[in-house]
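Enquirer: I am sharing work-v3.pdb, which consists of PDB, C-alpha atoms and all ligand atoms:
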ATOM      1  CA  MET A 132     -29.346   5.960 -10.585  1.00  0.00           C
ATOM      2  CA  SER A 133     -27.249   5.896 -13.712  1.00  0.00           C
ATOM      3  CA  GLY A 134     -24.965   8.239 -15.540  1.00  0.00           C
ATOM      4  CA  ILE A 135     -21.450   8.906 -16.712  1.00  0.00           C
ATOM      5  CA  TYR A 136     -18.727   9.566 -14.154  1.00  0.00           C
ATOM      6  CA  SER A 137     -15.341  11.124 -14.902  1.00  0.00           C
ATOM      7  CA  VAL A 138     -12.700   9.890 -12.477  1.00  0.00           C
ATOM      8  CA  LYS A 139      -8.993   9.309 -12.302  1.00  0.00           C
ATOM      9  CA  GLY A 140      -7.704   6.063 -10.916  1.00  0.00           C
ATOM     10  CA  ILE A 141      -5.241   3.210 -11.017  1.00  0.00           C
ATOM     11  CA  VAL A 142      -6.089  -0.290 -12.236  1.00  0.00           C
ATOM     12  CA  VAL A 143      -5.429  -2.608  -9.278  1.00  0.00           C
ATOM     13  CA  LYS A 144      -6.749  -5.859 -10.772  1.00  0.00           C
ATOM     14  CA  GLU A 145      -7.886  -7.210 -14.119  1.00  0.00           C
ATOM     15  CA  VAL A 146      -9.881 -10.353 -14.813  1.00  0.00           C
ATOM     16  CA  LYS A 147     -10.264 -11.698 -18.323  1.00  0.00           C
ATOM     17  CA  VAL A 148     -13.832 -12.479 -19.388  1.00  0.00           C
ATOM     18  CA  GLY A 149     -14.283 -14.586 -22.499  1.00  0.00           C
ATOM     19  CA  GLU A 150     -12.065 -13.893 -25.493  1.00  0.00           C
ATOM     20  CA  ALA A 151     -12.107 -10.130 -25.762  1.00  0.00           C
ATOM     21  CA  ASP A 152     -13.525  -8.587 -22.590  1.00  0.00           C
ATOM     22  CA  LYS A 153     -12.247  -8.023 -19.089  1.00  0.00           C
ATOM     23  CA  ILE A 154     -13.307  -6.612 -15.755  1.00  0.00           C
ATOM     24  CA  VAL A 155     -10.980  -4.123 -14.107  1.00  0.00           C
ATOM     25  CA  HIS A 156     -10.890  -3.045 -10.483  1.00  0.00           C
ATOM     26  CA  ILE A 157      -9.982   0.625 -10.197  1.00  0.00           C
ATOM     27  CA  LEU A 158      -8.941   2.622  -7.139  1.00  0.00           C
ATOM     28  CA  THR A 159     -10.480   5.991  -8.027  1.00  0.00           C
ATOM     29  CA  ASP A 160     -10.298   9.542  -6.753  1.00  0.00           C
ATOM     30  CA  GLY A 161     -14.061   9.914  -6.433  1.00  0.00           C
ATOM     31  CA  LEU A 162     -15.875   6.580  -6.276  1.00  0.00           C
ATOM     32  CA  GLY A 163     -13.639   4.508  -4.018  1.00  0.00           C
ATOM     33  CA  LEU A 164     -12.706   1.055  -5.260  1.00  0.00           C
ATOM     34  CA  VAL A 165     -14.942   0.029  -8.177  1.00  0.00           C
ATOM     35  CA  SER A 166     -15.268  -2.765 -10.723  1.00  0.00           C
ATOM     36  CA  ALA A 167     -15.914  -1.949 -14.346  1.00  0.00           C
ATOM     37  CA  SER A 168     -16.306  -4.047 -17.434  1.00  0.00           C
ATOM     38  CA  CYS A 169     -14.217  -3.247 -20.510  1.00  0.00           C
ATOM     39  CA  LYS A 170     -15.752  -4.452 -23.721  1.00  0.00           C
ATOM     40  CA  GLY A 171     -13.213  -5.575 -26.293  1.00  0.00           C
ATOM     41  CA  ALA A 172     -10.265  -4.390 -24.215  1.00  0.00           C
ATOM     42  CA  MET A 173      -8.331  -7.623 -24.752  1.00  0.00           C
ATOM     43  CA  ARG A 174      -8.224  -7.043 -28.504  1.00  0.00           C
ATOM     44  CA  VAL A 175      -4.794  -5.896 -29.634  1.00  0.00           C
ATOM     45  CA  ARG A 176      -6.172  -2.935 -31.525  1.00  0.00           C
ATOM     46  CA  SER A 177      -8.527  -1.747 -28.807  1.00  0.00           C
ATOM     47  CA  ARG A 178      -7.916   1.870 -27.796  1.00  0.00           C
ATOM     48  CA  LEU A 179      -8.372   0.717 -24.192  1.00  0.00           C
ATOM     49  CA  VAL A 180      -5.437  -1.738 -24.137  1.00  0.00           C
ATOM     50  CA  SER A 181      -2.854   0.362 -22.298  1.00  0.00           C
ATOM     51  CA  SER A 182      -5.184   2.693 -20.395  1.00  0.00           C
ATOM     52  CA  THR A 183      -6.986  -0.219 -18.706  1.00  0.00           C
ATOM     53  CA  SER A 184      -3.945  -2.439 -18.105  1.00  0.00           C
ATOM     54  CA  LEU A 185      -2.841  -3.384 -14.614  1.00  0.00           C
ATOM     55  CA  LEU A 186      -0.905  -0.528 -12.915  1.00  0.00           C
ATOM     56  CA  ALA A 187      -2.092   2.083 -15.418  1.00  0.00           C
ATOM     57  CA  TYR A 188      -3.131   5.398 -13.894  1.00  0.00           C
ATOM     58  CA  SER A 189      -5.771   6.798 -16.244  1.00  0.00           C
ATOM     59  CA  SER A 190      -8.646   9.219 -16.673  1.00  0.00           C
ATOM     60  CA  PHE A 191     -11.808   7.170 -17.007  1.00  0.00           C
ATOM     61  CA  SER A 192     -15.326   7.809 -18.213  1.00  0.00           C
ATOM     62  CA  LEU A 193     -17.421   5.231 -16.407  1.00  0.00           C
ATOM     63  CA  TYR A 194     -21.002   4.485 -17.305  1.00  0.00           C
ATOM     64  CA  GLN A 195     -23.035   3.239 -14.368  1.00  0.00           C
ATOM     65  CA  GLY A 196     -25.151   0.244 -15.290  1.00  0.00           C
ATOM     66  CA  LYS A 197     -27.485  -1.834 -13.141  1.00  0.00           C
ATOM     67  CA  SER A 198     -24.891  -4.052 -11.490  1.00  0.00           C
ATOM     68  CA  MET A 199     -21.534  -2.650 -12.540  1.00  0.00           C
ATOM     69  CA  TYR A 200     -19.766   0.228 -14.226  1.00  0.00           C
ATOM     70  CA  THR A 201     -18.674   0.012 -17.842  1.00  0.00           C
ATOM     71  CA  VAL A 202     -15.552   1.772 -19.106  1.00  0.00           C
ATOM     72  CA  ASP A 203     -16.862   4.128 -21.761  1.00  0.00           C
ATOM     73  CA  ASP A 204     -13.461   5.682 -22.420  1.00  0.00           C
ATOM     74  CA  ALA A 205     -10.038   5.821 -20.779  1.00  0.00           C
ATOM     75  CA  ARG A 206      -6.933   7.908 -21.387  1.00  0.00           C
ATOM     76  CA  ILE A 207      -3.622   6.964 -19.815  1.00  0.00           C
ATOM     77  CA  GLU A 208      -1.933   9.473 -17.489  1.00  0.00           C
ATOM     78  CA  VAL A 209       0.998   7.499 -16.027  1.00  0.00           C
ATOM     79  CA  GLN A 210       2.227   4.083 -17.070  1.00  0.00           C
ATOM     80  CA  PHE A 211       5.096   3.451 -14.591  1.00  0.00           C
ATOM     81  CA  TRP A 212       7.154   2.219 -17.482  1.00  0.00           C
ATOM     82  CA  ASN A 213      10.467   1.669 -15.656  1.00  0.00           C
ATOM     83  CA  LEU A 214       9.138  -0.537 -12.925  1.00  0.00           C
ATOM     84  CA  ARG A 215       7.367  -2.729 -15.477  1.00  0.00           C
ATOM     85  CA  GLN A 216      10.817  -3.630 -16.851  1.00  0.00           C
ATOM     86  CA  ASP A 217      12.146  -4.889 -13.510  1.00  0.00           C
ATOM     87  CA  VAL A 218      10.679  -8.152 -12.236  1.00  0.00           C
ATOM     88  CA  VAL A 219      11.463  -7.472  -8.559  1.00  0.00           C
ATOM     89  CA  LYS A 220       9.998  -3.961  -8.640  1.00  0.00           C
ATOM     90  CA  LEU A 221       7.016  -5.156 -10.628  1.00  0.00           C
ATOM     91  CA  SER A 222       6.254  -7.948  -8.177  1.00  0.00           C
ATOM     92  CA  LEU A 223       6.535  -5.506  -5.267  1.00  0.00           C
ATOM     93  CA  ALA A 224       4.112  -3.181  -7.067  1.00  0.00           C
ATOM     94  CA  MET A 225       1.698  -6.113  -7.504  1.00  0.00           C
ATOM     95  CA  TYR A 226       1.950  -6.746  -3.768  1.00  0.00           C
ATOM     96  CA  PHE A 227       1.115  -3.086  -3.032  1.00  0.00           C
ATOM     97  CA  LEU A 228      -1.951  -3.388  -5.264  1.00  0.00           C
ATOM     98  CA  GLU A 229      -3.043  -6.594  -3.531  1.00  0.00           C
ATOM     99  CA  LEU A 230      -2.682  -4.925  -0.129  1.00  0.00           C
ATOM    100  CA  VAL A 231      -4.731  -1.899  -1.087  1.00  0.00           C
ATOM    101  CA  ARG A 232      -7.445  -4.093  -2.641  1.00  0.00           C
ATOM    102  CA  LYS A 233      -7.732  -6.168   0.510  1.00  0.00           C
ATOM    103  CA  LEU A 234      -7.300  -3.470   3.155  1.00  0.00           C
ATOM    104  CA  ALA A 235      -8.925  -0.324   1.778  1.00  0.00           C
ATOM    105  CA  PRO A 236     -12.175   0.383   3.628  1.00  0.00           C
ATOM    106  CA  ASP A 237     -15.482   0.255   1.767  1.00  0.00           C
ATOM    107  CA  GLU A 238     -15.780   4.013   1.317  1.00  0.00           C
ATOM    108  CA  THR A 239     -16.181   6.323  -1.648  1.00  0.00           C
ATOM    109  CA  ASP A 240     -13.432   8.698  -0.526  1.00  0.00           C
ATOM    110  CA  LEU A 241     -10.178   6.775  -0.910  1.00  0.00           C
ATOM    111  CA  ARG A 242      -8.152   9.728  -2.190  1.00  0.00           C
ATOM    112  CA  GLY A 243      -5.618   9.261   0.618  1.00  0.00           C
ATOM    113  CA  HIS A 244      -5.121   5.628  -0.368  1.00  0.00           C
ATOM    114  CA  LEU A 245      -4.769   6.573  -4.035  1.00  0.00           C
ATOM    115  CA  LYS A 246      -2.207   9.248  -3.194  1.00  0.00           C
ATOM    116  CA  LEU A 247      -0.171   6.769  -1.144  1.00  0.00           C
ATOM    117  CA  VAL A 248      -0.207   4.177  -3.941  1.00  0.00           C
ATOM    118  CA  LEU A 249       0.731   6.688  -6.651  1.00  0.00           C
ATOM    119  CA  ASN A 250       3.557   8.291  -4.691  1.00  0.00           C
ATOM    120  CA  THR A 251       5.016   4.941  -3.621  1.00  0.00           C
ATOM    121  CA  LEU A 252       4.925   3.681  -7.218  1.00  0.00           C
ATOM    122  CA  TYR A 253       6.448   6.955  -8.405  1.00  0.00           C
ATOM    123  CA  PHE A 254       9.496   6.437  -6.156  1.00  0.00           C
ATOM    124  CA  LEU A 255       9.681   2.743  -7.046  1.00  0.00           C
ATOM    125  CA  ASP A 256       9.577   3.666 -10.727  1.00  0.00           C
ATOM    126  CA  ASN A 257      12.254   6.375 -10.660  1.00  0.00           C
ATOM    127  CA  GLY A 258      14.482   4.577  -8.158  1.00  0.00           C
ATOM    128  CA  LYS A 259      14.859   7.601  -5.871  1.00  0.00           C
ATOM    129  CA  ARG A 260      13.933   5.478  -2.846  1.00  0.00           C
ATOM    130  CA  ASP A 261      15.066   1.906  -2.195  1.00  0.00           C
ATOM    131  CA  ILE A 262      12.735  -1.060  -2.144  1.00  0.00           C
ATOM    132  CA  SER A 263      13.680  -1.727   1.489  1.00  0.00           C
ATOM    133  CA  TYR A 264      12.554   1.824   2.323  1.00  0.00           C
ATOM    134  CA  LEU A 265       9.300   1.789   0.359  1.00  0.00           C
ATOM    135  CA  LYS A 266       7.984  -1.604   1.460  1.00  0.00           C
ATOM    136  CA  PRO A 267       7.705  -0.992   5.247  1.00  0.00           C
ATOM    137  CA  LEU A 268       6.610   2.601   4.634  1.00  0.00           C
ATOM    138  CA  PHE A 269       3.754   1.481   2.409  1.00  0.00           C
ATOM    139  CA  GLU A 270       2.707  -1.349   4.728  1.00  0.00           C
ATOM    140  CA  LEU A 271       2.637   0.698   7.932  1.00  0.00           C
ATOM    141  CA  ARG A 272       1.037   3.789   6.414  1.00  0.00           C
ATOM    142  CA  LEU A 273      -1.607   1.786   4.555  1.00  0.00           C
ATOM    143  CA  LEU A 274      -2.453  -0.233   7.679  1.00  0.00           C
ATOM    144  CA  SER A 275      -2.728   2.984   9.681  1.00  0.00           C
ATOM    145  CA  MET A 276      -5.117   4.488   7.124  1.00  0.00           C
ATOM    146  CA  SER A 277      -7.213   1.329   6.948  1.00  0.00           C
ATOM    147  CA  GLY A 278      -8.187   0.764  10.567  1.00  0.00           C
ATOM    148  CA  TYR A 279      -5.019  -0.937  11.813  1.00  0.00           C
ATOM    149  CA  MET A 280      -3.062   1.952  13.298  1.00  0.00           C
ATOM    150  CA  PRO A 281      -0.569   0.869  15.963  1.00  0.00           C
ATOM    151  CA  ASP A 282      -0.355   2.962  19.128  1.00  0.00           C
ATOM    152  CA  LEU A 283       3.151   4.388  19.252  1.00  0.00           C
ATOM    153  CA  VAL A 284       2.438   7.422  21.409  1.00  0.00           C
ATOM    154  CA  GLY A 285       3.623   6.162  24.795  1.00  0.00           C
ATOM    155  CA  CYS A 286       3.873   3.157  27.085  1.00  0.00           C
ATOM    156  CA  ALA A 287       0.648   1.129  26.934  1.00  0.00           C
ATOM    157  CA  ARG A 288       0.893   0.408  30.682  1.00  0.00           C
ATOM    158  CA  CYS A 289       2.113   3.551  32.437  1.00  0.00           C
ATOM    159  CA  GLY A 290       1.550   6.129  29.690  1.00  0.00           C
ATOM    160  CA  GLN A 291       5.130   7.368  29.816  1.00  0.00           C
ATOM    161  CA  PHE A 292       6.307   9.081  26.623  1.00  0.00           C
ATOM    162  CA  VAL A 293       9.982   8.506  25.911  1.00  0.00           C
ATOM    163  CA  ASP A 294      12.091   8.148  22.779  1.00  0.00           C
ATOM    164  CA  GLN A 295      14.591   5.687  24.223  1.00  0.00           C
ATOM    165  CA  GLY A 296      14.271   2.137  25.480  1.00  0.00           C
ATOM    166  CA  MET A 297      10.758   1.358  24.239  1.00  0.00           C
ATOM    167  CA  TYR A 298       9.656  -2.144  23.281  1.00  0.00           C
ATOM    168  CA  PHE A 299       7.223  -2.801  20.409  1.00  0.00           C
ATOM    169  CA  SER A 300       5.007  -5.831  19.832  1.00  0.00           C
ATOM    170  CA  PRO A 301       3.795  -6.652  16.295  1.00  0.00           C
ATOM    171  CA  GLN A 302       1.097  -8.790  17.931  1.00  0.00           C
ATOM    172  CA  SER A 303      -0.482  -6.132  20.120  1.00  0.00           C
ATOM    173  CA  GLY A 304       0.676  -3.134  18.070  1.00  0.00           C
ATOM    174  CA  ASP A 305       1.768  -1.073  21.048  1.00  0.00           C
ATOM    175  CA  LEU A 306       4.773   0.047  23.068  1.00  0.00           C
ATOM    176  CA  ILE A 307       5.878  -0.619  26.608  1.00  0.00           C
ATOM    177  CA  CYS A 308       8.693   1.099  28.448  1.00  0.00           C
ATOM    178  CA  ARG A 309      11.765  -0.433  30.068  1.00  0.00           C
ATOM    179  CA  GLU A 310      10.284  -0.203  33.584  1.00  0.00           C
ATOM    180  CA  CYS A 311       7.077  -2.004  32.588  1.00  0.00           C
ATOM    181  CA  HIS A 312       8.717  -4.638  30.388  1.00  0.00           C
ATOM    182  CA  LEU A 313       8.698  -8.153  31.870  1.00  0.00           C
ATOM    183  CA  PRO A 314      11.359 -10.372  30.267  1.00  0.00           C
ATOM    184  CA  VAL A 315       9.315 -13.593  30.288  1.00  0.00           C
ATOM    185  CA  ASP A 316       5.718 -12.441  29.704  1.00  0.00           C
ATOM    186  CA  ASP A 317       6.706  -9.797  27.174  1.00  0.00           C
ATOM    187  CA  SER A 318       9.029 -11.855  25.022  1.00  0.00           C
ATOM    188  CA  HIS A 319       7.046 -10.887  21.904  1.00  0.00           C
ATOM    189  CA  TYR A 320       8.148  -7.264  22.415  1.00  0.00           C
ATOM    190  CA  THR A 321      11.271  -6.095  20.563  1.00  0.00           C
ATOM    191  CA  LEU A 322      13.500  -3.343  21.929  1.00  0.00           C
ATOM    192  CA  LEU A 323      13.543  -0.451  19.446  1.00  0.00           C
ATOM    193  CA  GLY A 324      16.521   1.791  18.884  1.00  0.00           C
ATOM    194  CA  SER A 325      15.591   5.468  19.020  1.00  0.00           C
ATOM    195  CA  GLY A 326      16.093   5.844  15.244  1.00  0.00           C
ATOM    196  CA  LEU A 327      13.705   2.990  14.575  1.00  0.00           C
ATOM    197  CA  LEU A 328      10.989   4.317  16.865  1.00  0.00           C
ATOM    198  CA  ALA A 329      11.319   7.771  15.305  1.00  0.00           C
ATOM    199  CA  ALA A 330      11.012   6.258  11.811  1.00  0.00           C
ATOM    200  CA  MET A 331       7.909   4.255  12.750  1.00  0.00           C
ATOM    201  CA  ARG A 332       6.278   7.293  14.339  1.00  0.00           C
ATOM    202  CA  HIS A 333       7.112   9.323  11.250  1.00  0.00           C
ATOM    203  CA  ILE A 334       5.528   6.772   8.902  1.00  0.00           C
ATOM    204  CA  ILE A 335       2.378   6.541  10.979  1.00  0.00           C
ATOM    205  CA  TYR A 336       1.799  10.103  12.170  1.00  0.00           C
ATOM    206  CA  SER A 337       3.576  12.497   9.790  1.00  0.00           C
ATOM    207  CA  ASP A 338       1.797  14.789   7.378  1.00  0.00           C
ATOM    208  CA  PHE A 339       1.640  13.231   3.909  1.00  0.00           C
ATOM    209  CA  SER A 340       3.788  15.994   2.396  1.00  0.00           C
ATOM    210  CA  ARG A 341       6.713  14.851   4.588  1.00  0.00           C
ATOM    211  CA  LEU A 342       6.060  11.101   4.472  1.00  0.00           C
ATOM    212  CA  PHE A 343       8.864  10.100   2.099  1.00  0.00           C
ATOM    213  CA  ASN A 344      11.488  12.320   3.748  1.00  0.00           C
ATOM    214  CA  PHE A 345      12.755  10.379   6.767  1.00  0.00           C
ATOM    215  CA  ARG A 346      16.257   8.906   6.849  1.00  0.00           C
ATOM    216  CA  VAL A 347      17.529   5.806   8.634  1.00  0.00           C
ATOM    217  CA  ASP A 348      20.645   3.659   8.403  1.00  0.00           C
ATOM    218  CA  ALA A 349      20.638   0.265   6.682  1.00  0.00           C
ATOM    219  CA  ALA A 350      20.580  -1.812   9.881  1.00  0.00           C
ATOM    220  CA  THR A 351      17.587   0.132  11.223  1.00  0.00           C
ATOM    221  CA  LEU A 352      15.827  -0.238   7.891  1.00  0.00           C
ATOM    222  CA  ALA A 353      16.326  -4.015   7.978  1.00  0.00           C
ATOM    223  CA  THR A 354      14.655  -4.238  11.407  1.00  0.00           C
ATOM    224  CA  LEU A 355      11.895  -1.873  10.280  1.00  0.00           C
ATOM    225  CA  GLU A 356      11.203  -4.105   7.292  1.00  0.00           C
ATOM    226  CA  LYS A 357      10.939  -7.183   9.491  1.00  0.00           C
ATOM    227  CA  LEU A 358       8.689  -5.560  12.106  1.00  0.00           C
ATOM    228  CA  ALA A 359       6.375  -3.938   9.543  1.00  0.00           C
ATOM    229  CA  GLU A 360       5.790  -7.257   7.813  1.00  0.00           C
ATOM    230  CA  GLN A 361       5.227  -9.085  11.111  1.00  0.00           C
ATOM    231  CA  TYR A 362       2.772  -6.392  12.182  1.00  0.00           C
ATOM    232  CA  LEU A 363       0.904  -6.701   8.885  1.00  0.00           C
ATOM    233  CA  ILE A 364       0.628 -10.489   9.122  1.00  0.00           C
ATOM    234  CA  TYR A 365      -0.500 -10.469  12.763  1.00  0.00           C
ATOM    235  CA  GLN A 366      -3.055  -7.711  12.308  1.00  0.00           C
ATOM    236  CA  THR A 367      -4.659  -8.856   9.083  1.00  0.00           C
ATOM    237  CA  ASP A 368      -4.302 -12.561   9.701  1.00  0.00           C
ATOM    238  CA  GLY A 369      -3.791 -12.607   5.984  1.00  0.00           C
ATOM    239  CA  ARG A 370      -1.876 -14.495   3.389  1.00  0.00           C
ATOM    240  CA  PHE A 371      -0.816 -12.353   0.491  1.00  0.00           C
ATOM    241  CA  LYS A 372      -0.050 -14.279  -2.671  1.00  0.00           C
ATOM    242  CA  ALA A 373       1.877 -11.406  -4.209  1.00  0.00           C
ATOM    243  CA  LEU A 374       4.045 -11.141  -1.078  1.00  0.00           C
ATOM    244  CA  ASP A 375       4.969 -14.827  -1.318  1.00  0.00           C
ATOM    245  CA  PHE A 376       5.792 -14.351  -4.994  1.00  0.00           C
ATOM    246  CA  TYR A 377       7.897 -11.258  -4.300  1.00  0.00           C
ATOM    247  CA  LYS A 378       9.838 -12.998  -1.529  1.00  0.00           C
ATOM    248  CA  GLY A 379      10.410 -16.004  -3.770  1.00  0.00           C
ATOM    249  CA  LEU A 380      12.385 -13.722  -6.098  1.00  0.00           C
ATOM    250  CA  LEU A 381      14.807 -12.467  -3.450  1.00  0.00           C
TER     251      LEU A 381
HETATM  252 ZN    ZN A 401       5.623   1.918  31.227  1.00  0.00          ZN
END
As a first step, turn the structure in this file into structure tokens.

Expert:
Amino acid sequence: MSGIYSVKGIVVKEVKVGEADKIVHILTDGLGLVSASCKGAMRVRSRLVSSTSLLAYSSFSLYQGKSMYTVDDARIEVQFWNLRQDVVKLSLAMYFLELVRKLAPDETDLRGHLKLVLNTLYFLDNGKRDISYLKPLFELRLLSMSGYMPDLVGCARCGQFVDQGMYFSPQSGDLICRECHLPVDDSHYTLLGSGLLAAMRHIIYSDFSRLFNFRVDAATLATLEKLAEQYLIYQTDGRFKALDFYKGLL
């Protein structure tokens, strides 16, 4: 099967090939995560320079060859210009791209993932949400969409559903209530304030249209950031180069 596909997508990785060519990995709205070769795109005067650069959200015409797509044409839609000027924001954006590359399931419909990436980058770019807000939100929501959803409905042992006095474990990704919690055996569980539990439930279960609308105080956000990262590391067993780089800047 071969043909030309018109898709929109964001460039999540680029690999230089030889002097003038490169291969880009694109998270698309219709083909999932694909690789495509860009002939001559490294040349300064190539019309594909900005539209196929890392972080560019573009409209692509992709030609399907035997082993890989080729970028036939690309027109830039959003460049995320502001965040490219800020090294901390840029490195966080690179981390988001690394996460989505590594965690997105092998499916052709990744529109939900694309929407999450674009909206998170939009808020990072315009500064209307803080970094400390966007990072745990992106991590927890992406994990939930990619087969790593924690169970925050009720107590994992007795099933009780309460908003107060619940303990969460980044290792097992579940909650236990105060009555079931054993101080010694359950030392990897952290007691959550009610604001923190509500925020985590919001990030994981809310409708996308409301995702970026929750509010928490700074202390709660700091704990959320810590727990989200611990949960990510435990669940994926992964090392993320871009995360190490980002944290090295702080
Ligand atoms: Zn219980």

Enquirer: Show which residues sit within 9 Å of A:His244, as a list in words. Count only C-alpha atoms, and ignore same-chain residues fewer than 3 positions away.

Expert: Leu158, Val231, Ala235, Asp240, Leu241, Leu247, Val248, Leu249, Leu273, Met276 and Ser277 of chain A

Enquirer: Apply the PyMOL selection byres (((chain A and resi 176-185) around 7) and not hetatm) to the file shown and report the selected residues as a compact mmCIF listing (two decimals) with C-alpha atoms, keeping the file's coordinate frame.

Expert:
# COMPACT_ATOMS: atom_id res chain seq x y z
CA VAL A 142 -6.09 -0.29 -12.24
CA VAL A 143 -5.43 -2.61 -9.28
CA LYS A 144 -6.75 -5.86 -10.77
CA GLU A 145 -7.89 -7.21 -14.12
CA GLY A 171 -13.21 -5.58 -26.29
CA ALA A 172 -10.26 -4.39 -24.22
CA MET A 173 -8.33 -7.62 -24.75
CA ARG A 174 -8.22 -7.04 -28.50
CA VAL A 175 -4.79 -5.90 -29.63
CA LEU A 186 -0.90 -0.53 -12.92
CA ALA A 187 -2.09 2.08 -15.42
CA SER A 189 -5.77 6.80 -16.24
CA ALA A 205 -10.04 5.82 -20.78
CA ARG A 206 -6.93 7.91 -21.39
CA ILE A 207 -3.62 6.96 -19.82

Enquirer: Which of these residues is nearest to A:Leu234, using all atoms listed in the file: A:Cys311, A:Ala373, A:Leu274, A:Val209?

Expert: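 Going through A:Cys311, A:Ala373, A:Leu274, A:Val209 one by one, the smallest distance to A:Leu234 is for A:Leu274.
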
Enquirer: Starting from the displayed file, determine the output of the PyMOL selection byres (((chain A and resi 266) around 12) and not hetatm) and express the residue list as a PyMOL selection string.

Expert: chain A and resi 220+222-227+230+247-248+251-252+254-255+260-265+267-273+334+343+352-353+355-360+363+374+377-378

Enquirer: Per residue of chain A within 10 Å of ligand ZN 401 (chain A), note the shortest atom pair and the distance in Å to one decimal, counting only C-alpha atoms and all ligand atoms, and order the rows by chain and increasing residue number, as CSV.

Expert:
residue,atom,partner,partner_atom,distance
A:Gly285,CA,A:ZN401,ZN,8.0
A:Cys286,CA,A:ZN401,ZN,4.7
A:Ala287,CA,A:ZN401,ZN,6.6
A:Arg288,CA,A:ZN401,ZN,5.0
A:Cys289,CA,A:ZN401,ZN,4.1
A:Gly290,CA,A:ZN401,ZN,6.1
A:Gln291,CA,A:ZN401,ZN,5.7
A:Phe292,CA,A:ZN401,ZN,8.5
A:Val293,CA,A:ZN401,ZN,9.5
A:Met297,CA,A:ZN401,ZN,8.7
A:Tyr298,CA,A:ZN401,ZN,9.8
A:Leu306,CA,A:ZN401,ZN,8.4
A:Ile307,CA,A:ZN401,ZN,5.3
A:Cys308,CA,A:ZN401,ZN,4.2
A:Arg309,CA,A:ZN401,ZN,6.7
A:Glu310,CA,A:ZN401,ZN,5.6
A:Cys311,CA,A:ZN401,ZN,4.4
A:His312,CA,A:ZN401,ZN,7.3

Enquirer: Care to translate the PyMOL selection byres (((chain A and resi 192) around 9) and not hetatm) into actual residues of this file, as a PyMOL selection string?

Expert: chain A and resi 135-139+190-191+193-194+201-206

Enquirer: Could you tell me how far atom CA of A:His156 lies from atom CA of A:Ile141, in Å and to one decimal?

Expert: 8.4 Å

Enquirer: Which one is closest to A:Asp237: A:Leu162, A:Ser300, A:Ala167, A:Asp256? Count all atoms listed in the file.

Expert: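 Of A:Leu162, A:Ser300, A:Ala167, A:Asp256, the one nearest A:Asp237, counting all atoms listed in the file, is A:Leu162.
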
Enquirer: What is the atom CA of A:Asp294 to atom CA of A:Pro281 distance in Å?

Expert: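 Atom CA of A:Asp294 sits 16.1 Å away from atom CA of A:Pro281.
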
Enquirer: Quote the spacing between atom CA of A:Phe371 and atom CA of A:Tyr279 in Å to one decimal place.

Expert: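 Atom-to-atom, atom CA of A:Phe371 and atom CA of A:Tyr279 are spaced 16.6 Å apart.
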
Enquirer: Go through A:His319, A:Tyr362, A:Tyr200, A:Arg242 one by one, measure the shortest atom-to-atom distance of each to A:Pro301 using all atoms listed in the file, and give the residue with the smallest value.

Expert: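 Distance minimum relative to A:Pro301 lands on A:Tyr362.
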
Enquirer: I need the residue nearest A:Asn257 from this list: A:Lys153, A:Arg215, A:Arg341, A:Arg370. Use only C-alpha atoms for the distance.

Expert: A:Arg215

Enquirer: Adding 8 Å on each side of the box along x, y and z that holds all listed atoms of stretch 301-313 of chain A, could you give its centre and edge lengths in Å to one decimal, as JSON?

Expert:
{"center_x": 5.6, "center_y": -3.8, "center_z": 24.9, "size_x": 28.2, "size_y": 25.9, "size_z": 33.3}
